[in-house]
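File shown here: model28.pdb, holding PDB, C-alpha atoms.
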```pdb
ATOM      1  CA  MET A  29      -1.141 154.168 -97.982
ATOM      2  CA  LYS A  30      -0.308 157.601 -99.336
ATOM      3  CA  PHE A  31       1.850 159.831 -97.132
ATOM      4  CA  GLU A  32       1.657 163.616 -97.315
ATOM      5  CA  LEU A  33       3.406 166.462 -95.546
ATOM      6  CA  ASN A  34       1.270 168.023 -92.867
ATOM      7  CA  ARG A  35       2.129 171.468 -94.218
ATOM      8  CA  PRO A  36       1.676 173.200 -97.577
ATOM      9  CA  THR A  37       4.431 173.321-100.192
ATOM     10  CA  ASP A  38       2.949 176.152-102.254
ATOM     11  CA  TYR A  39       2.933 179.558-100.540
ATOM     12  CA  SER A  40       1.936 181.654-103.541
ATOM     13  CA  ASP A  41      -0.821 184.259-103.195
ATOM     14  CA  GLU A  42      -3.031 182.198-105.495
ATOM     15  CA  ALA A  43      -2.582 179.023-103.436
ATOM     16  CA  ILE A  44      -3.414 180.803-100.175
ATOM     17  CA  ILE A  45      -6.470 182.530-101.644
ATOM     18  CA  ASN A  46      -7.722 179.212-103.039
ATOM     19  CA  GLU A  47      -7.284 177.641 -99.611
ATOM     20  CA  ILE A  48      -9.334 180.409 -97.971
ATOM     21  CA  LYS A  49     -12.082 179.844-100.532
ATOM     22  CA  ARG A  50     -11.948 176.069 -99.967
ATOM     23  CA  VAL A  51     -12.311 176.372 -96.197
ATOM     24  CA  SER A  52     -15.123 178.908 -96.579
ATOM     25  CA  LEU A  53     -17.149 176.241 -98.398
ATOM     26  CA  ILE A  54     -16.834 173.576 -95.713
ATOM     27  CA  VAL A  55     -17.436 175.581 -92.509
ATOM     28  CA  GLU A  56     -20.446 177.444 -91.243
ATOM     29  CA  LYS A  57     -20.420 181.229 -91.556
ATOM     30  CA  PRO A  58     -18.795 183.419 -90.362
ATOM     31  CA  LEU A  59     -15.265 182.302 -91.325
ATOM     32  CA  THR A  60     -13.410 182.981 -88.078
ATOM     33  CA  ILE A  61      -9.705 182.526 -87.427
ATOM     34  CA  SER A  62     -10.300 179.539 -85.160
ATOM     35  CA  LYS A  63     -12.411 177.777 -87.799
ATOM     36  CA  PHE A  64      -9.751 178.361 -90.430
ATOM     37  CA  ASN A  65      -6.974 177.054 -88.174
ATOM     38  CA  ASN A  66      -8.948 173.873 -87.523
ATOM     39  CA  ASN A  67      -9.496 173.164 -91.220
ATOM     40  CA  SER A  68      -6.349 174.359 -93.031
ATOM     41  CA  LYS A  69      -2.623 173.595 -93.221
ATOM     42  CA  TYR A  70      -1.847 177.298 -93.642
ATOM     43  CA  GLY A  71      -1.283 179.329 -90.489
ATOM     44  CA  VAL A  72      -3.133 182.589 -89.984
ATOM     45  CA  ASP A  73       0.117 184.360 -89.050
ATOM     46  CA  THR A  74       1.476 183.537 -92.496
ATOM     47  CA  ILE A  75      -1.666 184.924 -94.105
ATOM     48  CA  ARG A  76      -1.524 188.124 -92.057
ATOM     49  CA  LYS A  77       2.097 188.735 -93.058
ATOM     50  CA  ARG A  78       1.256 188.147 -96.717
ATOM     51  CA  PHE A  79      -1.909 190.288 -96.969
ATOM     52  CA  GLY A  80      -1.560 192.705 -94.064
ATOM     53  CA  SER A  81      -4.434 191.366 -91.979
ATOM     54  CA  TRP A  82      -6.902 188.494 -91.771
ATOM     55  CA  LEU A  83      -9.723 190.796 -92.851
ATOM     56  CA  GLN A  84      -7.818 191.906 -95.957
ATOM     57  CA  ALA A  85      -7.137 188.270 -96.840
ATOM     58  CA  LEU A  86     -10.867 187.489 -96.675
ATOM     59  CA  ASN A  87     -11.600 190.484 -98.903
ATOM     60  CA  LYS A  88      -8.873 189.348-101.304
ATOM     61  CA  ALA A  89     -10.616 185.968-101.548
ATOM     62  CA  GLY A  90     -13.804 187.770-102.614
ATOM     63  CA  LEU A  91     -15.859 186.751 -99.587
ATOM     64  CA  ASP A  92     -18.867 188.955 -98.897
ATOM     65  CA  GLU A  93     -19.895 190.429 -95.541
ATOM     66  CA  SER A  94     -21.807 187.300 -94.533
ATOM     67  CA  TYR A  95     -18.444 185.526 -94.054
ATOM     68  CA  LEU A  96     -16.962 188.297 -91.955
ATOM     69  CA  HIS A  97     -17.162 188.770 -88.228
ATOM     70  CA  LEU A  98     -16.346 191.812 -86.137
ATOM     71  CA  GLU A  99     -13.993 189.733 -83.987
ATOM     72  CA  ASN A 100     -11.824 189.071 -87.074
ATOM     73  CA  GLN A 101     -10.920 192.708 -87.368
ATOM     74  CA  LYS A 102      -7.537 193.769 -86.051
ATOM     75  CA  ILE A 103      -7.848 197.478 -85.493
ATOM     76  CA  SER A 104      -4.718 199.600 -85.459
ATOM     77  CA  THR A 105      -3.799 201.874 -82.573
ATOM     78  CA  GLU A 106      -4.163 204.878 -84.885
ATOM     79  CA  GLU A 107      -7.746 203.898 -85.763
ATOM     80  CA  ILE A 108      -8.660 203.512 -82.093
ATOM     81  CA  ILE A 109      -7.153 206.906 -81.222
ATOM     82  CA  GLU A 110      -9.158 208.552 -84.020
ATOM     83  CA  GLU A 111     -12.308 206.859 -82.726
ATOM     84  CA  LEU A 112     -11.599 208.125 -79.196
ATOM     85  CA  LYS A 113     -11.294 211.662 -80.565
ATOM     86  CA  LYS A 114     -14.601 211.289 -82.435
ATOM     87  CA  VAL A 115     -16.357 210.154 -79.263
ATOM     88  CA  SER A 116     -14.771 213.080 -77.413
ATOM     89  CA  LYS A 117     -16.269 215.504 -79.937
ATOM     90  CA  LYS A 118     -19.611 213.736 -79.832
ATOM     91  CA  LEU A 119     -19.773 213.971 -76.036
ATOM     92  CA  ASN A 120     -18.163 217.434 -76.034
ATOM     93  CA  SER A 121     -15.812 216.268 -73.298
ATOM     94  CA  LYS A 122     -12.105 215.440 -73.014
ATOM     95  CA  SER A 123     -12.836 212.946 -70.253
ATOM     96  CA  PHE A 124     -15.222 210.004 -70.478
ATOM     97  CA  SER A 125     -15.410 206.463 -69.157
ATOM     98  CA  ARG A 126     -15.037 203.181 -70.984
ATOM     99  CA  LYS A 127     -18.794 202.739 -70.468
ATOM    100  CA  ASP A 128     -19.387 206.023 -72.330
ATOM    101  CA  PHE A 129     -17.152 204.781 -75.155
ATOM    102  CA  ILE A 130     -19.089 201.502 -75.348
ATOM    103  CA  THR A 131     -22.322 203.462 -75.669
ATOM    104  CA  ASN A 132     -21.065 205.835 -78.361
ATOM    105  CA  SER A 133     -18.732 203.756 -80.551
ATOM    106  CA  ASP A 134     -19.074 200.749 -82.856
ATOM    107  CA  MET A 135     -15.519 199.647 -81.983
ATOM    108  CA  SER A 136     -16.217 199.241 -78.294
ATOM    109  CA  GLN A 137     -17.089 195.550 -78.135
ATOM    110  CA  PHE A 138     -13.695 194.202 -79.155
ATOM    111  CA  VAL A 139     -11.126 196.940 -78.550
ATOM    112  CA  PHE A 140     -10.637 197.229 -74.815
ATOM    113  CA  LYS A 141     -10.183 194.076 -72.785
ATOM    114  CA  ARG A 142      -8.748 195.878 -69.753
ATOM    115  CA  GLU A 143      -9.224 199.276 -68.135
ATOM    116  CA  ASN A 144      -5.460 199.931 -68.360
ATOM    117  CA  SER A 145      -5.586 199.613 -72.167
ATOM    118  CA  PHE A 146      -8.362 202.192 -72.327
ATOM    119  CA  ASN A 147      -6.487 204.640 -70.075
ATOM    120  CA  LYS A 148      -3.253 204.268 -72.055
ATOM    121  CA  LEU A 149      -4.967 205.031 -75.351
ATOM    122  CA  MET A 150      -6.866 207.954 -73.820
ATOM    123  CA  LYS A 151      -3.485 209.480 -72.966
ATOM    124  CA  GLN A 152      -2.173 208.889 -76.505
ATOM    125  CA  ALA A 153      -5.271 210.596 -77.896
ATOM    126  CA  GLY A 154      -4.528 213.677 -75.764
ATOM    127  CA  LEU A 155      -7.614 213.090 -73.627
ATOM    128  CA  ASP A 156      -8.064 213.019 -69.859
ATOM    129  CA  ILE A 157      -8.343 209.722 -68.003
ATOM    130  CA  PRO A 158     -11.647 209.638 -66.094
ATOM    131  CA  LEU A 159     -11.508 209.817 -62.331
ATOM    132  CA  LYS A 160     -11.398 206.401 -60.702
ATOM    133  CA  SER A 161     -13.192 207.682 -57.643
ATOM    134  CA  ARG A 162     -16.647 207.147 -59.097
ATOM    135  CA  LYS A 163     -18.929 205.809 -56.396
ATOM    136  CA  TYR A 164     -20.962 202.892 -57.649
ATOM    137  CA  THR A 165     -24.261 202.151 -55.952
ATOM    138  CA  ASP A 166     -25.090 198.620 -54.857
ATOM    139  CA  ASP A 167     -27.607 198.466 -57.711
ATOM    140  CA  ASP A 168     -24.840 199.421 -60.179
ATOM    141  CA  ARG A 169     -22.682 196.583 -58.888
ATOM    142  CA  PHE A 170     -25.528 194.060 -58.898
ATOM    143  CA  GLU A 171     -26.681 194.975 -62.429
ATOM    144  CA  ASN A 172     -23.119 194.662 -63.723
ATOM    145  CA  LEU A 173     -22.635 191.287 -62.018
ATOM    146  CA  LEU A 174     -25.923 190.039 -63.483
ATOM    147  CA  ASN A 175     -24.748 191.084 -66.957
ATOM    148  CA  VAL A 176     -21.384 189.311 -66.598
ATOM    149  CA  TRP A 177     -22.960 186.198 -65.027
ATOM    150  CA  THR A 178     -25.414 186.049 -67.926
ATOM    151  CA  HIS A 179     -22.608 186.506 -70.476
ATOM    152  CA  TYR A 180     -20.669 183.471 -69.221
ATOM    153  CA  GLY A 181     -23.719 181.408 -68.306
ATOM    154  CA  ARG A 182     -22.131 180.738 -64.919
ATOM    155  CA  GLN A 183     -20.706 182.436 -61.849
ATOM    156  CA  PRO A 184     -17.830 184.686 -63.012
ATOM    157  CA  ASN A 185     -14.486 184.741 -61.243
ATOM    158  CA  TYR A 186     -12.573 187.766 -59.935
ATOM    159  CA  ALA A 187     -10.283 188.105 -62.990
ATOM    160  CA  GLU A 188     -13.196 188.000 -65.454
ATOM    161  CA  MET A 189     -14.660 191.134 -63.888
ATOM    162  CA  LYS A 190     -11.718 193.061 -65.388
ATOM    163  CA  ASN A 191     -12.800 192.214 -68.937
ATOM    164  CA  GLU A 192     -15.749 193.012 -71.176
ATOM    165  CA  PRO A 193     -18.685 193.008 -70.768
ATOM    166  CA  SER A 194     -17.971 194.114 -67.183
ATOM    167  CA  ILE A 195     -17.920 197.870 -66.691
ATOM    168  CA  VAL A 196     -17.319 197.710 -62.932
ATOM    169  CA  GLY A 197     -13.954 196.351 -61.864
ATOM    170  CA  PRO A 198     -13.591 193.667 -59.168
ATOM    171  CA  LYS A 199     -11.946 196.097 -56.736
ATOM    172  CA  ALA A 200     -15.224 198.026 -56.511
ATOM    173  CA  TYR A 201     -16.832 194.857 -55.111
ATOM    174  CA  VAL A 202     -14.002 194.148 -52.672
ATOM    175  CA  ILE A 203     -14.042 197.745 -51.397
ATOM    176  CA  ARG A 204     -17.791 197.507 -50.785
ATOM    177  CA  TRP A 205     -18.054 194.016 -49.252
ATOM    178  CA  GLY A 206     -14.528 193.155 -48.122
ATOM    179  CA  SER A 207     -13.876 190.250 -50.512
ATOM    180  CA  TRP A 208     -15.040 188.847 -53.838
ATOM    181  CA  THR A 209     -16.729 185.899 -52.084
ATOM    182  CA  LYS A 210     -18.683 188.230 -49.810
ATOM    183  CA  ALA A 211     -19.743 190.259 -52.870
ATOM    184  CA  LEU A 212     -21.130 187.111 -54.500
ATOM    185  CA  ILE A 213     -22.985 186.285 -51.286
ATOM    186  CA  ALA A 214     -24.482 189.792 -51.279
ATOM    187  CA  PHE A 215     -25.619 189.317 -54.877
ATOM    188  CA  ILE A 216     -27.325 186.004 -54.066
ATOM    189  CA  GLU A 217     -29.004 187.558 -51.037
ATOM    190  CA  LYS A 218     -30.282 190.346 -53.306
ATOM    191  CA  VAL A 219     -31.637 187.758 -55.769
ATOM    192  CA  ASN A 220     -33.353 185.813 -53.001
ATOM    193  CA  SER A 221     -34.861 188.935 -51.477
ATOM    194  CA  ASP A 222     -36.367 189.908 -54.845
ATOM    195  CA  ILE A 223     -38.061 186.554 -55.410
ATOM    196  CA  SER A 224     -39.156 185.709 -51.865
ATOM    197  CA  VAL A 225     -42.855 186.496 -52.063
ATOM    198  CA  GLU A 226     -44.137 183.884 -49.656
ATOM    199  CA  ILE A 227     -47.709 184.220 -48.443
ATOM    200  CA  THR A 228     -46.999 182.212 -45.303
ATOM    201  CA  SER A 229     -44.245 184.572 -44.158
ATOM    202  CA  GLU A 230     -46.490 187.555 -44.755
ATOM    203  CA  ILE A 231     -49.269 185.925 -42.738
ATOM    204  CA  LYS A 232     -46.895 185.472 -39.784
ATOM    205  CA  SER A 233     -45.855 189.114 -39.902
ATOM    206  CA  ALA A 234     -49.429 190.361 -40.337
ATOM    207  CA  GLU A 235     -51.750 187.999 -38.491
ATOM    208  CA  ASN A 236     -54.374 190.662 -38.070
ATOM    209  CA  GLU A 237     -54.595 191.540 -41.783
ATOM    210  CA  ASN A 238     -57.555 190.118 -43.608
ATOM    211  CA  VAL A 239     -57.085 187.852 -46.640
ATOM    212  CA  GLU A 240     -58.284 190.472 -49.102
ATOM    213  CA  LYS A 241     -55.631 192.981 -48.063
ATOM    214  CA  LEU A 242     -52.931 190.298 -48.073
ATOM    215  CA  GLU A 243     -53.854 189.132 -51.569
ATOM    216  CA  HIS A 244     -53.828 192.734 -52.820
ATOM    217  CA  LYS A 245     -50.340 193.195 -51.360
ATOM    218  CA  LYS A 246     -49.091 190.087 -53.175
ATOM    219  CA  ASN A 247     -50.717 190.945 -56.495
ATOM    220  CA  SER A 248     -49.426 194.536 -56.461
ATOM    221  CA  LYS A 249     -45.907 193.199 -57.070
ATOM    222  CA  GLU A 250     -47.130 191.207 -60.058
ATOM    223  CA  ASP A 251     -48.916 194.245 -61.454
ATOM    224  CA  ARG A 252     -45.675 196.167 -61.982
ATOM    225  CA  ARG A 253     -44.162 196.201 -65.461
ATOM    226  CA  GLU A 254     -40.630 196.511 -64.057
ATOM    227  CA  ILE A 255     -38.965 193.148 -63.427
ATOM    228  CA  PRO A 256     -36.677 193.134 -60.364
ATOM    229  CA  LEU A 257     -33.095 191.926 -60.697
ATOM    230  CA  GLY A 258     -33.645 188.721 -58.744
ATOM    231  CA  LEU A 259     -36.578 187.660 -60.896
ATOM    232  CA  ARG A 260     -34.649 188.466 -64.104
ATOM    233  CA  PHE A 261     -31.750 186.325 -62.894
ATOM    234  CA  THR A 262     -34.137 183.494 -61.981
ATOM    235  CA  ILE A 263     -35.752 183.490 -65.441
ATOM    236  CA  ILE A 264     -32.428 183.581 -67.319
ATOM    237  CA  LYS A 265     -31.001 180.765 -65.178
ATOM    238  CA  ARG A 266     -34.202 178.719 -65.546
ATOM    239  CA  ASP A 267     -33.997 179.052 -69.342
ATOM    240  CA  GLY A 268     -30.397 177.812 -69.372
ATOM    241  CA  TYR A 269     -28.831 181.188 -70.222
ATOM    242  CA  LYS A 270     -30.271 180.878 -73.754
ATOM    243  CA  CYS A 271     -32.973 182.523 -75.838
ATOM    244  CA  VAL A 272     -35.971 180.184 -75.667
ATOM    245  CA  ILE A 273     -36.728 180.764 -79.367
ATOM    246  CA  CYS A 274     -33.365 180.602 -81.189
ATOM    247  CA  GLY A 275     -31.153 179.061 -78.497
ATOM    248  CA  ARG A 276     -28.410 181.698 -78.777
ATOM    249  CA  SER A 277     -26.613 183.348 -75.869
ATOM    250  CA  PRO A 278     -24.143 186.243 -75.334
ATOM    251  CA  ASN A 279     -21.396 183.694 -74.654
ATOM    252  CA  THR A 280     -21.724 182.017 -78.062
ATOM    253  CA  THR A 281     -23.009 184.745 -80.379
ATOM    254  CA  PHE A 282     -21.483 188.209 -80.724
ATOM    255  CA  GLY A 283     -23.903 191.093 -80.175
ATOM    256  CA  ILE A 284     -26.624 189.065 -78.466
ATOM    257  CA  GLU A 285     -28.322 190.577 -75.419
ATOM    258  CA  PHE A 286     -31.082 189.129 -73.256
ATOM    259  CA  HIS A 287     -34.521 190.638 -72.718
ATOM    260  CA  ILE A 288     -37.059 189.282 -70.238
ATOM    261  CA  ASP A 289     -40.353 189.013 -72.114
ATOM    262  CA  HIS A 290     -43.926 188.882 -70.827
ATOM    263  CA  ILE A 291     -45.498 185.887 -72.647
ATOM    264  CA  ILE A 292     -48.948 187.392 -72.171
ATOM    265  CA  PRO A 293     -48.123 191.073 -72.808
ATOM    266  CA  PHE A 294     -48.250 193.319 -69.778
ATOM    267  CA  SER A 295     -50.454 195.738 -71.734
ATOM    268  CA  LYS A 296     -52.997 192.935 -72.143
ATOM    269  CA  GLY A 297     -53.146 191.899 -68.534
ATOM    270  CA  GLY A 298     -50.061 189.692 -68.301
ATOM    271  CA  LYS A 299     -48.560 189.477 -64.838
ATOM    272  CA  THR A 300     -44.939 189.979 -63.815
ATOM    273  CA  ARG A 301     -44.568 186.491 -62.389
ATOM    274  CA  GLU A 302     -42.211 183.622 -63.215
ATOM    275  CA  GLY A 303     -44.794 181.601 -65.158
ATOM    276  CA  ASN A 304     -45.470 184.510 -67.530
ATOM    277  CA  LEU A 305     -41.838 185.432 -68.198
ATOM    278  CA  ARG A 306     -39.233 184.015 -70.581
ATOM    279  CA  THR A 307     -35.756 184.819 -71.906
ATOM    280  CA  LEU A 308     -35.521 186.223 -75.443
ATOM    281  CA  CYS A 309     -32.504 187.583 -77.274
ATOM    282  CA  ASN A 310     -32.695 191.135 -78.566
ATOM    283  CA  GLU A 311     -33.224 189.949 -82.166
ATOM    284  CA  CYS A 312     -36.079 187.536 -81.380
ATOM    285  CA  ASN A 313     -37.725 190.179 -79.229
ATOM    286  CA  ILE A 314     -37.651 192.799 -82.015
ATOM    287  CA  GLY A 315     -41.020 193.171 -83.629
ATOM    288  CA  LYS A 316     -42.864 191.123 -81.030
ATOM    289  CA  SER A 317     -44.333 194.325 -79.562
ATOM    290  CA  ASN A 318     -47.375 193.329 -77.495
ATOM    291  CA  GLN A 319     -48.583 190.536 -79.755
ATOM    292  CA  PHE A 320     -49.233 186.978 -78.607
ATOM    293  CA  ASP A 321     -47.033 184.258 -80.181
TER     294      ASP A 321
END
```

Show how you would write the structure in this file as structure tokens.
Amino acid sequence: MKFELNRPTDYSDEAIINEIKRVSLIVEKPLTISKFNNNSKYGVDTIRKRFGSWLQALNKAGLDESYLHLENQKISTEEIIEELKKVSKKLNSKSFSRKDFITNSDMSQFVFKRENSFNKLMKQAGLDIPLKSRKYTDDDRFENLLNVWTHYGRQPNYAEMKNEPSIVGPKAYVIRWGSWTKALIAFIEKVNSDISVEITSEIKSAENENVEKLEHKKNSKEDRREIPLGLRFTIIKRDGYKCVICGRSPNTTFGIEFHIDHIIPFSKGGKTREGNLRTLCNECNIGKSNQFD
């Protein structure tokens, strides 16, 4: 049996670069920090100290953009402040929300994990912190909770509502409903109310209506292009929080968003009902237009 040290003995630039190249050949792209740590004896902290950053080390190894990942980038405070100033000029305002920054900046997805971080950097950039007294509507809260629930593929907890992709903090839910648990109950009640189209219940409440009028009332909901929140949640949950074509989800793939797609296009007579809807990621949905698969 041959014994070896479980750590490298050569810490030269050449040895480290060769190790990055070696690992890049045995793991699936992109080459993330976690993948490197699992397959190399060199620590990423050592590499960062040697080359300035993980991204610079990858560039030094000659790896092209297909190996890189936005989450690998460690952006300096100065770069973030400059980006905040650019967004300020773009919006022509010294005060804007983190949501506005997300909409108008390419950095947004991996810079601010907490609202406090955003406010602190706004101050450093000489900008005004947005008022915290914004009044969210129930629909705002429900849409945000749906987005976060979809991101994790499960019911989120209170602390997770402070982080991306949430743009409504947990306190806004507690203020509205009294507790986080009661907010979740309100969300489920909203979902159930959106999908409860039961003919029998409508018959009980309208015994004197004829069948033709009742059927028209039911079908009118299916004839709307807009998909209510509860039905969107039902479809995403039914499809396992994954795109039915490529299998990716926001929780596993950076930049993925879900779209609810009419299998038979709405423009060609497709109904807005569960059997004609499916979950697609934004990339698989691009180019589909109103064509049948």

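Taking atom CA of A:Glu47 and atom CA of A:Leu83 as the two end points, the separation is 15.0 Å.
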
- prompt: On this structure, which residues satisfy the PyMOL selection byres ((chain A and resi 268) around 10), written as a ChimeraX atom specification?
  reply: /A:178,181-182,263-267,269-272,275,277,307

re atom CA of A:His290 and atom CA of A:Leu174: distance 19.5 Å

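The coordinates place atom CA of A:Ile108 at 11.4 Å from atom CA of A:Lys148.
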
Report as a PDB file with C-alpha atoms, in the coordinates of the input the residues that result from applying the PyMOL selection byres ((chain A and resi 194) around 12) to the structure here.
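Saved as out.pdb:
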```
ATOM      1  CA  ARG A 126     -15.037 203.181 -70.984  1.00  0.00           C
ATOM      2  CA  LYS A 127     -18.794 202.739 -70.468  1.00  0.00           C
ATOM      3  CA  ILE A 130     -19.089 201.502 -75.348  1.00  0.00           C
ATOM      4  CA  GLN A 137     -17.089 195.550 -78.135  1.00  0.00           C
ATOM      5  CA  PHE A 140     -10.637 197.229 -74.815  1.00  0.00           C
ATOM      6  CA  LYS A 141     -10.183 194.076 -72.785  1.00  0.00           C
ATOM      7  CA  ARG A 142      -8.748 195.878 -69.753  1.00  0.00           C
ATOM      8  CA  GLU A 143      -9.224 199.276 -68.135  1.00  0.00           C
ATOM      9  CA  ASP A 168     -24.840 199.421 -60.179  1.00  0.00           C
ATOM     10  CA  ARG A 169     -22.682 196.583 -58.888  1.00  0.00           C
ATOM     11  CA  PHE A 170     -25.528 194.060 -58.898  1.00  0.00           C
ATOM     12  CA  GLU A 171     -26.681 194.975 -62.429  1.00  0.00           C
ATOM     13  CA  ASN A 172     -23.119 194.662 -63.723  1.00  0.00           C
ATOM     14  CA  LEU A 173     -22.635 191.287 -62.018  1.00  0.00           C
ATOM     15  CA  LEU A 174     -25.923 190.039 -63.483  1.00  0.00           C
ATOM     16  CA  ASN A 175     -24.748 191.084 -66.957  1.00  0.00           C
ATOM     17  CA  VAL A 176     -21.384 189.311 -66.598  1.00  0.00           C
ATOM     18  CA  TRP A 177     -22.960 186.198 -65.027  1.00  0.00           C
ATOM     19  CA  THR A 178     -25.414 186.049 -67.926  1.00  0.00           C
ATOM     20  CA  HIS A 179     -22.608 186.506 -70.476  1.00  0.00           C
ATOM     21  CA  TYR A 180     -20.669 183.471 -69.221  1.00  0.00           C
ATOM     22  CA  PRO A 184     -17.830 184.686 -63.012  1.00  0.00           C
ATOM     23  CA  ASN A 185     -14.486 184.741 -61.243  1.00  0.00           C
ATOM     24  CA  TYR A 186     -12.573 187.766 -59.935  1.00  0.00           C
ATOM     25  CA  ALA A 187     -10.283 188.105 -62.990  1.00  0.00           C
ATOM     26  CA  GLU A 188     -13.196 188.000 -65.454  1.00  0.00           C
ATOM     27  CA  MET A 189     -14.660 191.134 -63.888  1.00  0.00           C
ATOM     28  CA  LYS A 190     -11.718 193.061 -65.388  1.00  0.00           C
ATOM     29  CA  ASN A 191     -12.800 192.214 -68.937  1.00  0.00           C
ATOM     30  CA  GLU A 192     -15.749 193.012 -71.176  1.00  0.00           C
ATOM     31  CA  PRO A 193     -18.685 193.008 -70.768  1.00  0.00           C
ATOM     32  CA  ILE A 195     -17.920 197.870 -66.691  1.00  0.00           C
ATOM     33  CA  VAL A 196     -17.319 197.710 -62.932  1.00  0.00           C
ATOM     34  CA  GLY A 197     -13.954 196.351 -61.864  1.00  0.00           C
ATOM     35  CA  PRO A 198     -13.591 193.667 -59.168  1.00  0.00           C
ATOM     36  CA  ALA A 200     -15.224 198.026 -56.511  1.00  0.00           C
TER      37      ALA A 200
END
```

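Remark: for A:Ile288, the closest of the candidate residues A:Cys309, A:Ile45, A:Ala153, A:Ile203 is A:Cys309 (distances computed over only C-alpha atoms).
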
Spell out the residues picked by the PyMOL selection byres ((chain A and resi 42) around 12) here, as a ChimeraX atom specification.
/A:38-41,43-49,75,78-79,85,88-89

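When only C-alpha atoms are used to measure the gap to A:Tyr70, the shortest distance among A:Thr37, A:Asn279, A:Asn310, A:Gln84 belongs to A:Thr37.
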
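Proximity ranking of A:Val219, A:Ile54, A:Val202, A:Leu305 relative to A:Arg253 places A:Leu305 first, based on all atoms listed in the file.
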
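When only C-alpha atoms are used to measure the gap to A:Asp222, the shortest distance among A:Asp92, A:Glu56, A:Glu302, A:Glu311 belongs to A:Glu302.
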
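Among the candidates A:Asn66, A:Ser133, A:Phe124, A:Lys210, the one nearest to A:Ile157 when counting only C-alpha atoms is A:Phe124.
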
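Minimum atom-to-atom distances from A:Ile273, A:Ile255, A:Leu91, A:Leu308 to A:His287 were compared using only C-alpha atoms, and the lowest value belongs to A:Leu308.
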
Contact residues around A:Val72 with all atoms listed in the file at 10 Å, ignoring same-chain residues under 3 positions, as a ChimeraX atom specification = /A:61-62,64-65,68-69,75-78,81-82,85

N, CA and C atoms modelled onto stretch 38-50 of chain A, as a compact mmCIF listing (two decimals), in the coordinates of the input:
```txt
# COMPACT_ATOMS: atom_id res chain seq x y z
N ASP A 38 3.16 175.00 -101.39
CA ASP A 38 2.95 176.15 -102.25
C ASP A 38 2.47 177.34 -101.42
N TYR A 39 3.29 178.39 -101.34
CA TYR A 39 2.93 179.56 -100.54
C TYR A 39 2.65 180.78 -101.42
N SER A 40 2.27 180.54 -102.65
CA SER A 40 1.94 181.65 -103.54
C SER A 40 0.63 182.29 -103.11
N ASP A 41 0.42 183.57 -103.52
CA ASP A 41 -0.82 184.26 -103.20
C ASP A 41 -2.03 183.47 -103.69
N GLU A 42 -1.91 182.94 -104.89
CA GLU A 42 -3.03 182.20 -105.50
C GLU A 42 -3.38 180.97 -104.67
N ALA A 43 -2.34 180.24 -104.22
CA ALA A 43 -2.58 179.02 -103.44
C ALA A 43 -3.27 179.35 -102.11
N ILE A 44 -2.83 180.42 -101.47
CA ILE A 44 -3.41 180.80 -100.18
C ILE A 44 -4.86 181.26 -100.35
N ILE A 45 -5.10 182.06 -101.38
CA ILE A 45 -6.47 182.53 -101.64
C ILE A 45 -7.40 181.36 -101.94
N ASN A 46 -6.92 180.40 -102.73
CA ASN A 46 -7.72 179.21 -103.04
C ASN A 46 -8.03 178.41 -101.78
N GLU A 47 -7.06 178.37 -100.86
CA GLU A 47 -7.28 177.64 -99.61
C GLU A 47 -8.34 178.34 -98.74
N ILE A 48 -8.31 179.67 -98.72
CA ILE A 48 -9.33 180.41 -97.97
C ILE A 48 -10.71 180.14 -98.55
N LYS A 49 -10.80 180.13 -99.88
CA LYS A 49 -12.08 179.84 -100.53
C LYS A 49 -12.55 178.43 -100.22
N ARG A 50 -11.59 177.47 -100.23
CA ARG A 50 -11.95 176.07 -99.97
C ARG A 50 -12.52 175.91 -98.57
```
